[in-house]
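Below is one structure; the comments refer to it alone.
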Amino acid sequence: MTMSQQISPGPASLEESAVLEEVLAQTAKELGIGVGEIAEDSVLKQLPGADSVRLLRVVAQIERVYDVEFEDEAIFDVGTPRQLTDLVLAQARAEA
């Protein structure tokens, strides 16, 4: 392992709690609600202000933040922040 591999944070080094925190923050920002109003198992479509366009914006922002790209089918299966977090982690590992 080279020195750059040891110190360079990559997708494999993503921490689940940090990804979940980012998902919650991006969701709250896009919907205009407080992060405290969203739990990891909240149904995204049932959150105040949620609609398909806003939720797709959240997904797009998460893709940019973590430099991943999700399959359309996978996006439509996501119902909670926890599921989106798991999708980010799985995709980051697959692309590593």
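Residues are referred to by chain and number: the chain letter is A, B, ... according to the order shown in the structure tokens, the number counts from 1 in that chain, and ligands are numbered separately from 1 in the order shown.
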
*Using only C-alpha atoms, determine which residues lie at most 7 Å from stretch 32-42 of chain A, disregarding the query and same-chain residues fewer than 3 positions distant; provide the list as JSON, numbers by chain.*
{"A": [24, 25, 28, 29, 80, 81, 82]}

*asked:* When you look at stretch 43-53 of chain A with a cut-off of 7 Å (counting only C-alpha atoms), what residues show up, excluding the ones that are within fewer than 4 positions of it in the same chain? I need them as a ChimeraX atom specification.
replied: /A:31,57,79-80

_stretch 65-73 of chain A surroundings by only C-alpha atoms, 9 Å radius, close-in-sequence under 6 positions cut, as a PyMOL selection string_ = chain A and resi 11+19+22+59+87-88+91-92+95

Atoms kept (N, CA, C and O atoms) for selection, written as a compact mmCIF listing (two decimals), in the first residue's frame:
# COMPACT_ATOMS: atom_id res chain seq x y z
N PRO A 11 -14.18 6.25 -1.09
CA PRO A 11 -15.53 5.77 -0.82
C PRO A 11 -15.57 4.64 0.20
O PRO A 11 -16.50 4.55 0.98
N VAL A 19 -22.72 9.57 6.67
CA VAL A 19 -23.57 9.55 5.48
C VAL A 19 -25.02 9.80 5.89
O VAL A 19 -25.72 10.60 5.27
N GLU A 22 -25.56 13.41 6.61
CA GLU A 22 -25.62 14.19 5.36
C GLU A 22 -26.97 14.01 4.68
O GLU A 22 -27.57 14.97 4.19
N VAL A 59 -31.74 13.27 -3.76
CA VAL A 59 -30.95 12.16 -4.29
C VAL A 59 -29.82 12.70 -5.18
O VAL A 59 -28.67 12.27 -5.06
N LEU A 87 -27.95 2.78 0.43
CA LEU A 87 -27.71 2.82 -1.02
C LEU A 87 -26.39 3.53 -1.32
O LEU A 87 -25.60 3.06 -2.15
N VAL A 88 -26.13 4.65 -0.65
CA VAL A 88 -24.87 5.38 -0.84
C VAL A 88 -23.69 4.48 -0.49
O VAL A 88 -22.72 4.37 -1.26
N GLN A 91 -23.26 1.65 -3.07
CA GLN A 91 -22.79 2.16 -4.36
C GLN A 91 -21.34 2.60 -4.28
O GLN A 91 -20.55 2.36 -5.19
N ALA A 92 -20.97 3.24 -3.17
CA ALA A 92 -19.58 3.68 -3.00
C ALA A 92 -18.65 2.49 -2.96
O ALA A 92 -17.56 2.51 -3.55
N GLU A 95 -18.27 1.04 -6.52
CA GLU A 95 -17.49 1.87 -7.45
C GLU A 95 -16.04 2.02 -7.00
O GLU A 95 -15.24 2.59 -7.71

_Atom pair atom CA of A:Leu14 / atom CA of A:Gln61: separation (Å)_ =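 It comes out at 16.5 Å.
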
*Enter the distance from atom CA of A:Ala96 to atom CA of A:Arg54, in Å, rounded to one decimal.*
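Distance reported for this atom pair: 28.4 Å.
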
*Just the alpha helix (DSSP H) stuff from chain A, please, per backbone DSSP, written as JSON, numbers by chain.*
{"A": [3, 4, 5, 6, 7, 16, 17, 18, 19, 20, 21, 22, 23, 24, 25, 26, 27, 28, 29, 30, 31, 52, 53, 54, 55, 56, 57, 58, 59, 60, 61, 62, 63, 64, 65, 66, 72, 73, 74, 75, 76, 77, 81, 82, 83, 84, 85, 86, 87, 88, 89, 90, 91, 92, 93, 94, 95]}

Write the residues of the selection above to a file with C-alpha atoms, as a CSV table (one decimal), in the first residue's frame.
chain,number,residue,atom,x,y,z
A,3,MET,CA,1.4,6.4,1.3
A,4,SER,CA,-1.3,8.1,-0.8
A,5,GLN,CA,-3.5,5.1,-0.4
A,6,GLN,CA,-3.1,5.2,3.4
A,7,ILE,CA,-4.1,8.8,3.8
A,16,GLU,CA,-22.4,5.2,8.0
A,17,SER,CA,-23.2,7.8,10.7
A,18,ALA,CA,-21.7,10.6,8.6
A,19,VAL,CA,-23.6,9.6,5.5
A,20,LEU,CA,-26.8,9.3,7.4
A,21,GLU,CA,-26.2,12.8,8.9
A,22,GLU,CA,-25.6,14.2,5.4
A,23,VAL,CA,-28.8,12.5,4.0
A,24,LEU,CA,-30.8,14.0,6.9
A,25,ALA,CA,-29.3,17.4,6.4
A,26,GLN,CA,-29.8,17.5,2.6
A,27,THR,CA,-33.4,16.3,3.1
A,28,ALA,CA,-34.2,18.9,5.7
A,29,LYS,CA,-32.6,21.6,3.6
A,30,GLU,CA,-34.5,20.7,0.4
A,31,LEU,CA,-37.9,20.4,2.3
A,52,SER,CA,-41.2,13.6,-6.1
A,53,VAL,CA,-39.2,16.6,-7.5
A,54,ARG,CA,-37.9,17.7,-4.2
A,55,LEU,CA,-36.9,14.1,-3.2
A,56,LEU,CA,-35.2,13.6,-6.5
A,57,ARG,CA,-33.2,16.8,-5.8
A,58,VAL,CA,-32.1,15.3,-2.5
A,59,VAL,CA,-31.0,12.2,-4.3
A,60,ALA,CA,-29.1,14.2,-6.9
A,61,GLN,CA,-27.4,16.3,-4.2
A,62,ILE,CA,-26.3,13.1,-2.4
A,63,GLU,CA,-25.0,11.7,-5.6
A,64,ARG,CA,-22.9,14.8,-6.1
A,65,VAL,CA,-21.6,14.9,-2.5
A,66,TYR,CA,-20.5,11.3,-2.6
A,72,ASP,CA,-33.2,4.6,-11.4
A,73,GLU,CA,-34.8,1.4,-10.0
A,74,ALA,CA,-32.7,1.7,-6.9
A,75,ILE,CA,-33.8,5.3,-6.3
A,76,PHE,CA,-37.5,4.4,-6.6
A,77,ASP,CA,-37.0,1.6,-4.0
A,81,PRO,CA,-33.2,8.2,5.0
A,82,ARG,CA,-31.7,4.9,6.3
A,83,GLN,CA,-32.4,3.2,2.9
A,84,LEU,CA,-30.8,6.1,1.1
A,85,THR,CA,-27.8,5.9,3.4
A,86,ASP,CA,-27.5,2.2,2.7
A,87,LEU,CA,-27.7,2.8,-1.0
A,88,VAL,CA,-24.9,5.4,-0.8
A,89,LEU,CA,-22.7,3.0,1.1
A,90,ALA,CA,-23.4,0.1,-1.2
A,91,GLN,CA,-22.8,2.2,-4.4
A,92,ALA,CA,-19.6,3.7,-3.0
A,93,ARG,CA,-18.2,0.2,-2.3
A,94,ALA,CA,-19.3,-1.0,-5.7
A,95,GLU,CA,-17.5,1.9,-7.4
